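Next up, input.pdb (PDB, C-alpha atoms):
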```
ATOM      1  CA  MET A   1       0.000   0.000   0.000
ATOM      2  CA  PRO A   2       1.589   3.365  -1.026
ATOM      3  CA  GLU A   3       2.668   5.757   1.743
ATOM      4  CA  GLY A   4      -0.142   8.075   2.770
ATOM      5  CA  PHE A   5      -2.747   5.846   1.145
ATOM      6  CA  THR A   6      -5.701   4.736   3.308
ATOM      7  CA  SER A   7      -8.329   2.098   2.751
ATOM      8  CA  ASN A   8     -10.985   4.754   3.244
ATOM      9  CA  ALA A   9     -10.260   5.932  -0.307
ATOM     10  CA  LEU A  10     -11.196   2.536  -1.770
ATOM     11  CA  PRO A  11     -14.663   1.646  -3.060
ATOM     12  CA  LYS A  12     -16.943  -0.326  -0.750
ATOM     13  CA  ASN A  13     -17.653  -3.833  -2.083
ATOM     14  CA  ASP A  14     -17.090  -7.451  -0.997
ATOM     15  CA  LYS A  15     -13.968  -7.964  -3.122
ATOM     16  CA  VAL A  16     -12.246  -4.827  -1.835
ATOM     17  CA  ASP A  17     -13.350  -5.531   1.745
ATOM     18  CA  ALA A  18     -11.739  -8.986   1.584
ATOM     19  CA  TRP A  19      -8.524  -7.474   0.211
ATOM     20  CA  VAL A  20      -8.406  -4.826   2.954
ATOM     21  CA  ILE A  21      -8.920  -7.445   5.705
ATOM     22  CA  ALA A  22      -6.181  -9.653   4.227
ATOM     23  CA  ASP A  23      -3.864  -6.636   3.982
ATOM     24  CA  HIS A  24      -4.452  -5.765   7.637
ATOM     25  CA  LEU A  25      -3.821  -9.343   8.723
ATOM     26  CA  ARG A  26      -0.630  -9.657   6.666
ATOM     27  CA  PHE A  27       0.976  -6.469   7.905
ATOM     28  CA  GLY A  28      -0.457  -6.297  11.408
ATOM     29  CA  ARG A  29      -2.525  -3.137  10.783
ATOM     30  CA  LEU A  30      -5.199  -4.182  13.272
ATOM     31  CA  PRO A  31      -7.074  -2.315  16.014
ATOM     32  CA  HIS A  32      -5.941  -3.172  19.565
ATOM     33  CA  GLU A  33      -9.149  -5.147  20.213
ATOM     34  CA  MET A  34      -8.580  -7.343  17.168
ATOM     35  CA  GLN A  35      -4.946  -7.918  18.147
ATOM     36  CA  GLU A  36      -6.122  -9.184  21.547
ATOM     37  CA  THR A  37      -8.689 -11.443  19.884
ATOM     38  CA  LEU A  38      -5.992 -12.912  17.636
ATOM     39  CA  ILE A  39      -3.786 -13.622  20.659
ATOM     40  CA  TYR A  40      -6.649 -15.434  22.389
ATOM     41  CA  ASP A  41      -7.361 -17.416  19.199
ATOM     42  CA  ALA A  42      -3.699 -18.356  18.749
ATOM     43  CA  LEU A  43      -3.413 -19.450  22.369
ATOM     44  CA  ARG A  44      -6.658 -21.386  22.066
ATOM     45  CA  ARG A  45      -5.258 -23.413  19.140
ATOM     46  CA  LEU A  46      -2.384 -24.565  21.324
ATOM     47  CA  THR A  47      -4.315 -25.244  24.540
ATOM     48  CA  ARG A  48      -7.102 -27.120  22.762
ATOM     49  CA  THR A  49      -4.576 -29.254  20.881
ATOM     50  CA  CYS A  50      -2.944 -29.980  24.229
ATOM     51  CA  PHE A  51      -6.364 -30.917  25.645
ATOM     52  CA  HIS A  52      -6.935 -33.278  22.702
ATOM     53  CA  LEU A  53      -3.555 -34.995  23.079
ATOM     54  CA  VAL A  54      -3.861 -35.400  26.857
ATOM     55  CA  HIS A  55      -7.196 -37.164  26.423
ATOM     56  CA  GLU A  56      -5.805 -39.345  23.631
ATOM     57  CA  ILE A  57      -2.872 -40.313  25.854
ATOM     58  CA  ALA A  58      -5.289 -41.315  28.639
ATOM     59  CA  ARG A  59      -7.352 -43.364  26.159
ATOM     60  CA  ASN A  60      -4.245 -45.111  24.822
ATOM     61  CA  LYS A  61      -3.004 -45.853  28.336
ATOM     62  CA  THR A  62      -6.307 -47.560  29.130
ATOM     63  CA  TYR A  63      -5.998 -49.610  25.955
ATOM     64  CA  MET A  64      -2.420 -50.547  26.821
ATOM     65  CA  LEU A  65      -3.453 -51.697  30.289
ATOM     66  CA  ASN A  66      -6.010 -54.003  28.675
ATOM     67  CA  GLN A  67      -3.240 -55.482  26.506
ATOM     68  CA  LEU A  68      -0.998 -55.798  29.558
ATOM     69  CA  TYR A  69      -3.585 -57.998  31.257
ATOM     70  CA  LEU A  70      -3.126 -60.545  28.470
ATOM     71  CA  LYS A  71       0.665 -60.603  28.879
ATOM     72  CA  PHE A  72       1.027 -60.241  32.636
ATOM     73  CA  SER A  73      -2.317 -60.376  34.433
ATOM     74  CA  GLY A  74      -0.766 -60.086  37.909
ATOM     75  CA  LEU A  75       1.107 -56.895  37.025
ATOM     76  CA  ARG A  76      -2.054 -55.366  35.567
ATOM     77  CA  GLN A  77      -4.094 -56.120  38.675
ATOM     78  CA  ASP A  78      -1.531 -55.314  41.365
ATOM     79  CA  ASN A  79       1.463 -53.365  40.062
ATOM     80  CA  PRO A  80       4.150 -52.983  42.780
ATOM     81  CA  PHE A  81       5.456 -49.786  41.143
ATOM     82  CA  SER A  82       3.953 -46.409  42.032
ATOM     83  CA  ASP A  83       3.547 -45.558  38.337
ATOM     84  CA  THR A  84       2.592 -48.245  35.823
ATOM     85  CA  PHE A  85       4.044 -46.052  33.081
ATOM     86  CA  GLY A  86       7.244 -45.226  34.963
ATOM     87  CA  ALA A  87      10.642 -46.236  33.573
ATOM     88  CA  THR A  88      11.100 -49.380  35.695
ATOM     89  CA  SER A  89       7.564 -50.653  35.180
ATOM     90  CA  ILE A  90       7.811 -50.124  31.404
ATOM     91  CA  ALA A  91      11.171 -51.937  31.348
ATOM     92  CA  VAL A  92       9.583 -54.938  33.085
ATOM     93  CA  ILE A  93       6.657 -54.898  30.642
ATOM     94  CA  GLU A  94       8.849 -54.603  27.533
ATOM     95  CA  GLU A  95      11.831 -56.781  28.428
ATOM     96  CA  LEU A  96      10.428 -59.492  30.696
ATOM     97  CA  ASP A  97       7.413 -61.771  30.899
ATOM     98  CA  PRO A  98       5.923 -63.899  33.723
ATOM     99  CA  GLY A  99       7.889 -66.998  32.695
ATOM    100  CA  ILE A 100      11.240 -65.193  32.750
ATOM    101  CA  ILE A 101      10.488 -63.421  36.040
ATOM    102  CA  ALA A 102       9.435 -66.677  37.706
ATOM    103  CA  ASP A 103      12.604 -68.496  36.622
ATOM    104  CA  ILE A 104      15.262 -65.777  36.876
ATOM    105  CA  PRO A 105      17.449 -65.837  40.036
ATOM    106  CA  LEU A 106      16.329 -63.288  42.620
ATOM    107  CA  GLU A 107      19.717 -61.542  42.580
ATOM    108  CA  GLU A 108      19.511 -60.959  38.812
ATOM    109  CA  LEU A 109      16.002 -59.562  39.089
ATOM    110  CA  VAL A 110      17.102 -57.216  41.900
ATOM    111  CA  GLU A 111      20.026 -56.060  39.754
ATOM    112  CA  PHE A 112      17.651 -55.466  36.820
ATOM    113  CA  LEU A 113      15.298 -53.375  38.985
ATOM    114  CA  GLN A 114      18.154 -51.342  40.452
ATOM    115  CA  GLU A 115      19.559 -50.615  37.011
ATOM    116  CA  LYS A 116      16.226 -49.579  35.490
ATOM    117  CA  GLY A 117      15.210 -47.673  38.625
ATOM    118  CA  ARG A 118      18.615 -45.958  38.911
ATOM    119  CA  ASN A 119      19.036 -47.242  42.477
ATOM    120  CA  ARG A 120      16.005 -45.323  43.718
ATOM    121  CA  PHE A 121      14.246 -48.277  45.366
ATOM    122  CA  ALA A 122      14.633 -48.485  49.138
ATOM    123  CA  GLU A 123      13.798 -52.230  49.215
ATOM    124  CA  PRO A 124      14.446 -53.665  45.736
ATOM    125  CA  GLU A 125      14.605 -57.234  47.033
ATOM    126  CA  GLU A 126      11.049 -57.001  48.411
ATOM    127  CA  ILE A 127       9.798 -55.685  45.067
ATOM    128  CA  ALA A 128      11.622 -58.486  43.246
ATOM    129  CA  LYS A 129      10.060 -61.137  45.528
ATOM    130  CA  TYR A 130       6.611 -59.641  44.986
ATOM    131  CA  LEU A 131       7.138 -59.570  41.208
ATOM    132  CA  LYS A 132       8.032 -63.263  41.295
ATOM    133  CA  GLN A 133       4.860 -63.985  43.252
ATOM    134  CA  LEU A 134       2.761 -62.059  40.715
ATOM    135  CA  ALA A 135       4.491 -63.906  37.870
ATOM    136  CA  ARG A 136       3.736 -67.313  39.397
ATOM    137  CA  ASN A 137       0.080 -66.356  39.892
ATOM    138  CA  SER A 138      -0.341 -65.021  36.326
ATOM    139  CA  TYR A 139      -1.546 -67.264  33.521
ATOM    140  CA  ARG A 140       0.837 -67.869  30.628
ATOM    141  CA  LEU A 141       0.105 -66.819  27.072
ATOM    142  CA  ASP A 142       0.136 -69.339  24.267
ATOM    143  CA  LYS A 143       3.158 -68.886  21.968
ATOM    144  CA  VAL A 144       0.821 -68.043  19.081
ATOM    145  CA  MET A 145      -0.539 -65.067  21.062
ATOM    146  CA  ALA A 146       2.687 -63.912  22.728
ATOM    147  CA  ASP A 147       4.283 -62.127  19.756
ATOM    148  CA  PRO A 148       1.130 -60.271  18.634
ATOM    149  CA  VAL A 149       0.484 -59.082  22.205
ATOM    150  CA  ASN A 150       4.086 -57.932  22.634
ATOM    151  CA  LEU A 151       3.985 -56.082  19.304
ATOM    152  CA  SER A 152       0.668 -54.466  20.226
ATOM    153  CA  LEU A 153       2.114 -53.309  23.564
ATOM    154  CA  SER A 154       5.228 -51.946  21.863
ATOM    155  CA  VAL A 155       3.268 -50.010  19.223
ATOM    156  CA  ILE A 156       0.809 -48.443  21.658
ATOM    157  CA  LEU A 157       3.618 -47.539  24.072
ATOM    158  CA  SER A 158       5.536 -45.820  21.236
ATOM    159  CA  THR A 159       2.378 -43.905  20.361
ATOM    160  CA  ILE A 160       1.953 -42.756  23.963
ATOM    161  CA  GLN A 161       5.581 -41.665  24.232
ATOM    162  CA  HIS A 162       5.367 -39.756  20.945
ATOM    163  CA  MET A 163       2.192 -37.970  22.049
ATOM    164  CA  GLU A 164       3.791 -37.060  25.376
ATOM    165  CA  SER A 165       6.765 -35.549  23.539
ATOM    166  CA  GLN A 166       4.351 -33.484  21.415
ATOM    167  CA  VAL A 167       2.573 -32.232  24.538
ATOM    168  CA  LYS A 168       5.964 -31.018  25.803
ATOM    169  CA  ARG A 169       6.453 -29.149  22.501
ATOM    170  CA  LEU A 170       3.067 -27.489  22.908
ATOM    171  CA  ASP A 171       3.777 -26.628  26.554
ATOM    172  CA  LYS A 172       7.038 -24.952  25.575
ATOM    173  CA  GLU A 173       5.323 -22.794  22.936
ATOM    174  CA  ILE A 174       2.484 -21.936  25.314
ATOM    175  CA  GLU A 175       5.008 -20.806  27.939
ATOM    176  CA  ARG A 176       6.748 -18.653  25.329
ATOM    177  CA  MET A 177       3.470 -16.959  24.343
ATOM    178  CA  MET A 178       2.428 -16.429  27.949
ATOM    179  CA  LYS A 179       5.535 -14.321  28.605
ATOM    180  CA  GLY A 180       3.979 -11.604  26.451
ATOM    181  CA  ILE A 181       0.535 -11.694  28.106
ATOM    182  CA  PRO A 182       0.161  -9.662  31.329
ATOM    183  CA  GLN A 183      -1.727 -11.720  33.918
ATOM    184  CA  THR A 184      -1.646 -12.619  37.624
ATOM    185  CA  LEU A 185      -3.130 -16.127  37.532
ATOM    186  CA  THR A 186       0.316 -17.689  37.873
ATOM    187  CA  SER A 187       0.722 -15.934  41.240
ATOM    188  CA  VAL A 188      -1.476 -18.756  42.567
ATOM    189  CA  LYS A 189       0.781 -21.663  43.499
ATOM    190  CA  GLY A 190      -0.337 -24.578  41.332
ATOM    191  CA  ILE A 191      -1.393 -22.544  38.311
ATOM    192  CA  GLY A 192       1.484 -22.702  35.853
ATOM    193  CA  PRO A 193       1.728 -21.067  32.419
ATOM    194  CA  VAL A 194      -0.152 -23.899  30.662
ATOM    195  CA  TYR A 195      -3.164 -23.898  33.006
ATOM    196  CA  ALA A 196      -3.219 -20.088  32.977
ATOM    197  CA  ALA A 197      -3.106 -20.139  29.177
ATOM    198  CA  GLY A 198      -6.018 -22.587  29.036
ATOM    199  CA  LEU A 199      -8.104 -20.346  31.288
ATOM    200  CA  ILE A 200      -7.227 -17.089  29.513
ATOM    201  CA  ALA A 201      -7.689 -18.550  26.029
ATOM    202  CA  GLU A 202     -11.208 -19.780  26.772
ATOM    203  CA  ILE A 203     -12.340 -16.793  28.863
ATOM    204  CA  GLY A 204     -10.961 -14.099  26.552
ATOM    205  CA  ASP A 205     -11.944 -10.636  27.723
ATOM    206  CA  ILE A 206     -13.059 -11.061  31.342
ATOM    207  CA  HIS A 207     -15.344  -8.040  31.043
ATOM    208  CA  ARG A 208     -17.695 -10.196  28.970
ATOM    209  CA  PHE A 209     -18.786 -11.703  32.308
ATOM    210  CA  ASP A 210     -20.582  -9.476  34.799
ATOM    211  CA  ASP A 211     -19.635 -11.648  37.779
ATOM    212  CA  HIS A 212     -18.217 -15.031  38.722
ATOM    213  CA  HIS A 213     -21.685 -16.606  38.471
ATOM    214  CA  ALA A 214     -21.796 -15.779  34.763
ATOM    215  CA  LEU A 215     -18.309 -17.214  34.298
ATOM    216  CA  ALA A 216     -19.264 -20.395  36.185
ATOM    217  CA  LYS A 217     -22.304 -20.826  33.947
ATOM    218  CA  TYR A 218     -20.128 -20.370  30.868
ATOM    219  CA  ALA A 219     -17.809 -23.100  32.175
ATOM    220  CA  GLY A 220     -20.740 -25.423  32.942
ATOM    221  CA  LEU A 221     -20.066 -25.425  36.675
ATOM    222  CA  VAL A 222     -23.686 -24.986  37.723
ATOM    223  CA  TRP A 223     -26.043 -27.496  39.282
ATOM    224  CA  THR A 224     -29.722 -28.311  38.934
ATOM    225  CA  GLN A 225     -32.035 -27.979  41.926
ATOM    226  CA  TYR A 226     -34.627 -30.571  42.956
ATOM    227  CA  GLN A 227     -37.153 -28.966  45.289
ATOM    228  CA  SER A 228     -40.852 -29.542  45.933
ATOM    229  CA  GLY A 229     -42.707 -27.980  48.843
ATOM    230  CA  GLU A 230     -40.557 -28.415  51.947
ATOM    231  CA  TYR A 231     -38.471 -31.185  50.350
ATOM    232  CA  GLU A 232     -35.122 -30.358  48.772
ATOM    233  CA  SER A 233     -32.814 -33.076  47.509
ATOM    234  CA  GLU A 234     -29.228 -33.179  48.782
ATOM    235  CA  ASN A 235     -28.059 -34.844  45.569
ATOM    236  CA  THR A 236     -28.009 -32.545  42.578
ATOM    237  CA  SER A 237     -26.375 -33.104  39.213
ATOM    238  CA  ARG A 238     -24.179 -30.725  37.279
ATOM    239  CA  MET A 239     -25.838 -29.282  34.196
ATOM    240  CA  ARG A 240     -24.277 -30.836  31.065
ATOM    241  CA  THR A 241     -23.629 -27.563  29.307
ATOM    242  CA  GLY A 242     -20.842 -25.028  29.083
ATOM    243  CA  ASN A 243     -17.342 -24.764  27.695
ATOM    244  CA  LYS A 244     -15.677 -28.170  28.217
ATOM    245  CA  TYR A 245     -12.180 -26.780  27.623
ATOM    246  CA  LEU A 246     -12.540 -24.059  30.255
ATOM    247  CA  ARG A 247     -14.057 -26.565  32.674
ATOM    248  CA  TYR A 248     -11.142 -28.969  32.093
ATOM    249  CA  TYR A 249      -8.499 -26.334  32.842
ATOM    250  CA  LEU A 250     -10.396 -25.151  35.931
ATOM    251  CA  VAL A 251     -10.592 -28.699  37.275
ATOM    252  CA  GLN A 252      -6.930 -29.444  36.506
ATOM    253  CA  ALA A 253      -5.828 -26.180  38.096
ATOM    254  CA  SER A 254      -7.957 -26.916  41.181
ATOM    255  CA  ASP A 255      -6.337 -30.328  41.569
ATOM    256  CA  ALA A 256      -2.908 -28.675  41.548
ATOM    257  CA  ILE A 257      -3.855 -25.771  43.824
ATOM    258  CA  ARG A 258      -5.347 -27.972  46.558
ATOM    259  CA  LYS A 259      -1.924 -29.595  46.997
ATOM    260  CA  HIS A 260      -0.267 -26.246  47.764
ATOM    261  CA  ASP A 261      -2.868 -23.826  49.150
ATOM    262  CA  THR A 262      -4.240 -24.482  52.664
ATOM    263  CA  GLU A 263      -7.587 -22.783  51.979
ATOM    264  CA  TYR A 264      -8.305 -24.871  48.887
ATOM    265  CA  LYS A 265      -6.967 -28.019  50.542
ATOM    266  CA  ALA A 266      -9.376 -27.582  53.479
ATOM    267  CA  PHE A 267     -12.292 -26.882  51.134
ATOM    268  CA  TYR A 268     -11.520 -29.970  49.036
ATOM    269  CA  GLN A 269     -11.286 -32.210  52.126
ATOM    270  CA  LYS A 270     -14.544 -30.831  53.519
ATOM    271  CA  LYS A 271     -16.384 -31.601  50.274
ATOM    272  CA  TYR A 272     -14.639 -34.977  49.990
ATOM    273  CA  HIS A 273     -15.980 -36.169  53.349
ATOM    274  CA  GLU A 274     -19.549 -34.942  52.782
ATOM    275  CA  VAL A 275     -20.482 -37.975  50.662
ATOM    276  CA  THR A 276     -19.565 -41.645  50.361
ATOM    277  CA  LYS A 277     -19.649 -41.993  46.555
ATOM    278  CA  HIS A 278     -17.557 -40.295  43.860
ATOM    279  CA  GLN A 279     -15.785 -38.369  46.607
ATOM    280  CA  HIS A 280     -12.716 -37.185  44.690
ATOM    281  CA  LYS A 281     -14.567 -36.246  41.514
ATOM    282  CA  ARG A 282     -17.284 -34.347  43.401
ATOM    283  CA  ALA A 283     -14.844 -32.527  45.693
ATOM    284  CA  LEU A 284     -12.625 -31.554  42.767
ATOM    285  CA  VAL A 285     -15.466 -30.138  40.681
ATOM    286  CA  LEU A 286     -16.756 -28.140  43.646
ATOM    287  CA  THR A 287     -13.234 -26.844  44.268
ATOM    288  CA  ALA A 288     -13.135 -25.807  40.610
ATOM    289  CA  ARG A 289     -16.335 -23.834  41.171
ATOM    290  CA  LYS A 290     -14.672 -22.081  44.098
ATOM    291  CA  LEU A 291     -11.704 -21.315  41.866
ATOM    292  CA  VAL A 292     -13.968 -19.561  39.353
ATOM    293  CA  ARG A 293     -14.506 -16.721  41.835
ATOM    294  CA  LEU A 294     -10.756 -16.274  42.270
ATOM    295  CA  VAL A 295     -10.003 -16.436  38.533
ATOM    296  CA  HIS A 296     -12.693 -13.837  37.821
ATOM    297  CA  SER A 297     -11.296 -11.545  40.511
ATOM    298  CA  LEU A 298      -7.641 -11.866  39.440
ATOM    299  CA  LEU A 299      -8.387 -11.259  35.772
ATOM    300  CA  ARG A 300     -10.506  -8.187  36.578
ATOM    301  CA  THR A 301      -8.295  -6.588  39.225
ATOM    302  CA  LYS A 302      -4.923  -7.755  37.821
ATOM    303  CA  GLN A 303      -3.736  -8.081  41.436
ATOM    304  CA  LEU A 304      -1.429 -10.799  42.733
ATOM    305  CA  TYR A 305      -2.936 -13.608  44.779
ATOM    306  CA  THR A 306      -2.302 -13.605  48.525
ATOM    307  CA  PRO A 307      -2.755 -16.937  50.382
ATOM    308  CA  LYS A 308      -5.176 -16.958  53.304
ATOM    309  CA  GLU A 309      -2.501 -17.248  56.007
ATOM    310  CA  GLU A 310      -0.670 -14.219  54.614
ATOM    311  CA  ARG A 311      -3.918 -12.214  54.451
ATOM    312  CA  ARG A 312      -4.373 -12.851  58.189
ATOM    313  CA  GLU A 313      -0.911 -11.533  58.922
TER
END
```
File written out as structure tokens:
Amino acid sequence: MPEGFTSNALPKNDKVDAWVIADHLRFGRLPHEMQETLIYDALRRLTRTCFHLVHEIARNKTYMLNQLYLKFSGLRQDNPFSDTFGATSIAVIEELDPGIIADIPLEELVEFLQEKGRNRFAEPEEIAKYLKQLARNSYRLDKVMADPVNLSLSVILSTIQHMESQVKRLDKEIERMMKGIPQTLTSVKGIGPVYAAGLIAEIGDIHRFDDHHALAKYAGLVWTQYQSGEYESENTSRMRTGNKYLRYYLVQASDAIRKHDTEYKAFYQKKYHEVTKHQHKRALVLTARKLVRLVHSLLRTKQLYTPKEERRE
């Protein structure tokens, strides 16, 4: 576009309008409001892709556990390792089978566990003995089935590992983008750049929401009420509406915050012990609803979060 030339001098028709919009997008000649919208949209692409991959990883892990039952039923039912998908557990799954574990000398199995676990086990001999017990109690696969099951496990594990590496790529780019977005959500211990990005990307301009109730409704964190006369049910269900991405990041952030913040930890525990069924899920969703109020406040005021104990001081 020549110097001094403005789009106001152009005729008004669909073809010219499209050209002007493309020109503005190419060269960044956008109003401030549109620039902010583009940032939210760009961030949303990354956080929603991350959401998609995380759920695919969980689905593939479930599928892999089903395959593991065929190979090593005892390990699937009662894994002695804290993380089934940890390095040592995966090494056992990939490199050994119940027959080998049952027959291998205890000392060799202990050495194997120490090597794969990088000497982090306090009682490797006890774990080795328990693995042998699980191996003896597991049924053995027919040779015709063994190779296909092992290949299936290997392929699905490679898929999981690849997806996890891609999530790390996304996280790195999200963190880079978040450095240029002023916000105070990360002042809350437990909310990192990725969770903050997920919240900001889905909420957009916080002034769209008059109060935290409106934001909670947008996230789908509202509940139905069953009441007739003097009777009011204690069990109410969450309304199946709202932005699933925003709800996901609120719930994930709540799960992280409750492990660091005393106020949210106490609230979670209180809600956990109120019922006997679905305790964790219910308490976590209710904690997420509590978090909505804080998120709304921080985004509006742009103030740093102060934990409850520090507010008292």
The PyMOL selection byres ((chain A and resi 157) around 12) applied to the shown file, residues as a VMD selection string: chain A and resid 57 to 65 67 to 68 84 to 87 90 to 91 93 to 94 150 to 156 158 to 164
Report as a PDB file with C-alpha atoms, in the frame of the given file the residues that result from applying the PyMOL selection byres ((chain A and resi 215) around 12) to the structure here.
```pdb
ATOM      1  CA  LEU A 199      -8.104 -20.346  31.288  1.00  0.00           C
ATOM      2  CA  GLU A 202     -11.208 -19.780  26.772  1.00  0.00           C
ATOM      3  CA  ILE A 203     -12.340 -16.793  28.863  1.00  0.00           C
ATOM      4  CA  GLY A 204     -10.961 -14.099  26.552  1.00  0.00           C
ATOM      5  CA  ASP A 205     -11.944 -10.636  27.723  1.00  0.00           C
ATOM      6  CA  ILE A 206     -13.059 -11.061  31.342  1.00  0.00           C
ATOM      7  CA  HIS A 207     -15.344  -8.040  31.043  1.00  0.00           C
ATOM      8  CA  ARG A 208     -17.695 -10.196  28.970  1.00  0.00           C
ATOM      9  CA  PHE A 209     -18.786 -11.703  32.308  1.00  0.00           C
ATOM     10  CA  ASP A 210     -20.582  -9.476  34.799  1.00  0.00           C
ATOM     11  CA  ASP A 211     -19.635 -11.648  37.779  1.00  0.00           C
ATOM     12  CA  HIS A 212     -18.217 -15.031  38.722  1.00  0.00           C
ATOM     13  CA  HIS A 213     -21.685 -16.606  38.471  1.00  0.00           C
ATOM     14  CA  ALA A 214     -21.796 -15.779  34.763  1.00  0.00           C
ATOM     15  CA  ALA A 216     -19.264 -20.395  36.185  1.00  0.00           C
ATOM     16  CA  LYS A 217     -22.304 -20.826  33.947  1.00  0.00           C
ATOM     17  CA  TYR A 218     -20.128 -20.370  30.868  1.00  0.00           C
ATOM     18  CA  ALA A 219     -17.809 -23.100  32.175  1.00  0.00           C
ATOM     19  CA  GLY A 220     -20.740 -25.423  32.942  1.00  0.00           C
ATOM     20  CA  LEU A 221     -20.066 -25.425  36.675  1.00  0.00           C
ATOM     21  CA  VAL A 222     -23.686 -24.986  37.723  1.00  0.00           C
ATOM     22  CA  GLY A 242     -20.842 -25.028  29.083  1.00  0.00           C
ATOM     23  CA  ASN A 243     -17.342 -24.764  27.695  1.00  0.00           C
ATOM     24  CA  LEU A 246     -12.540 -24.059  30.255  1.00  0.00           C
ATOM     25  CA  ARG A 247     -14.057 -26.565  32.674  1.00  0.00           C
ATOM     26  CA  LEU A 250     -10.396 -25.151  35.931  1.00  0.00           C
ATOM     27  CA  ALA A 288     -13.135 -25.807  40.610  1.00  0.00           C
ATOM     28  CA  ARG A 289     -16.335 -23.834  41.171  1.00  0.00           C
ATOM     29  CA  LYS A 290     -14.672 -22.081  44.098  1.00  0.00           C
ATOM     30  CA  LEU A 291     -11.704 -21.315  41.866  1.00  0.00           C
ATOM     31  CA  VAL A 292     -13.968 -19.561  39.353  1.00  0.00           C
ATOM     32  CA  ARG A 293     -14.506 -16.721  41.835  1.00  0.00           C
ATOM     33  CA  LEU A 294     -10.756 -16.274  42.270  1.00  0.00           C
ATOM     34  CA  VAL A 295     -10.003 -16.436  38.533  1.00  0.00           C
ATOM     35  CA  HIS A 296     -12.693 -13.837  37.821  1.00  0.00           C
ATOM     36  CA  SER A 297     -11.296 -11.545  40.511  1.00  0.00           C
ATOM     37  CA  LEU A 299      -8.387 -11.259  35.772  1.00  0.00           C
TER      38      LEU A 299
END
```
Selection under test: the PyMOL selection byres ((chain A and resi 75) around 12); residues as a PyMOL selection string: chain A and resi 65-74+76-85+89-90+92-93+96-98+101+127+130-139
Would you save the residues of that selection, restricted to C-alpha atoms, as a CSV table (one decimal), in the coordinates of the input?
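Listed below is the output, selection-v5.csv:
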```
chain,number,residue,atom,x,y,z
A,65,LEU,CA,-3.5,-51.7,30.3
A,66,ASN,CA,-6.0,-54.0,28.7
A,67,GLN,CA,-3.2,-55.5,26.5
A,68,LEU,CA,-1.0,-55.8,29.6
A,69,TYR,CA,-3.6,-58.0,31.3
A,70,LEU,CA,-3.1,-60.5,28.5
A,71,LYS,CA,0.7,-60.6,28.9
A,72,PHE,CA,1.0,-60.2,32.6
A,73,SER,CA,-2.3,-60.4,34.4
A,74,GLY,CA,-0.8,-60.1,37.9
A,76,ARG,CA,-2.1,-55.4,35.6
A,77,GLN,CA,-4.1,-56.1,38.7
A,78,ASP,CA,-1.5,-55.3,41.4
A,79,ASN,CA,1.5,-53.4,40.1
A,80,PRO,CA,4.2,-53.0,42.8
A,81,PHE,CA,5.5,-49.8,41.1
A,82,SER,CA,4.0,-46.4,42.0
A,83,ASP,CA,3.5,-45.6,38.3
A,84,THR,CA,2.6,-48.2,35.8
A,85,PHE,CA,4.0,-46.1,33.1
A,89,SER,CA,7.6,-50.7,35.2
A,90,ILE,CA,7.8,-50.1,31.4
A,92,VAL,CA,9.6,-54.9,33.1
A,93,ILE,CA,6.7,-54.9,30.6
A,96,LEU,CA,10.4,-59.5,30.7
A,97,ASP,CA,7.4,-61.8,30.9
A,98,PRO,CA,5.9,-63.9,33.7
A,101,ILE,CA,10.5,-63.4,36.0
A,127,ILE,CA,9.8,-55.7,45.1
A,130,TYR,CA,6.6,-59.6,45.0
A,131,LEU,CA,7.1,-59.6,41.2
A,132,LYS,CA,8.0,-63.3,41.3
A,133,GLN,CA,4.9,-64.0,43.3
A,134,LEU,CA,2.8,-62.1,40.7
A,135,ALA,CA,4.5,-63.9,37.9
A,136,ARG,CA,3.7,-67.3,39.4
A,137,ASN,CA,0.1,-66.4,39.9
A,138,SER,CA,-0.3,-65.0,36.3
A,139,TYR,CA,-1.5,-67.3,33.5
```
Shell around Glu274 in chain A at 12 Å using only C-alpha atoms, local window under 4 positions removed, as a list in words: Glu234, Asn235, Phe267, Tyr268, Gln269, Lys270, His278, Gln279, His280, Arg282, Ala283 and Leu286 of chain A
Length of the CA of Tyr40 in chain A to CA of Ala197 in chain A vector [Å]: 9.0 Å
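With only C-alpha atoms as the atoms that count, the residue of A:Arg48, A:Lys271, A:Arg300, A:Arg311 with the shortest distance to Gln183 in chain A is A:Arg300.
Atom pair CA of Phe51 in chain A / CA of Tyr248 in chain A has a distance of 8.3 Å (rounded to one decimal).
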Distance of CA of Cys50 in chain A from CA of Ser187 in chain A, expressed in Å to one decimal place: 22.4 Å
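Candidate residues A:Ala266, A:Ala196, A:Val167, A:Leu304 were compared for distance to Ile181 in chain A, and the nearest is A:Ala196, using only C-alpha atoms.
Closest approach to Thr301 in chain A among A:Leu53, A:Ile191, A:Leu46, A:Thr184 is made by A:Thr184 (distances from only C-alpha atoms).
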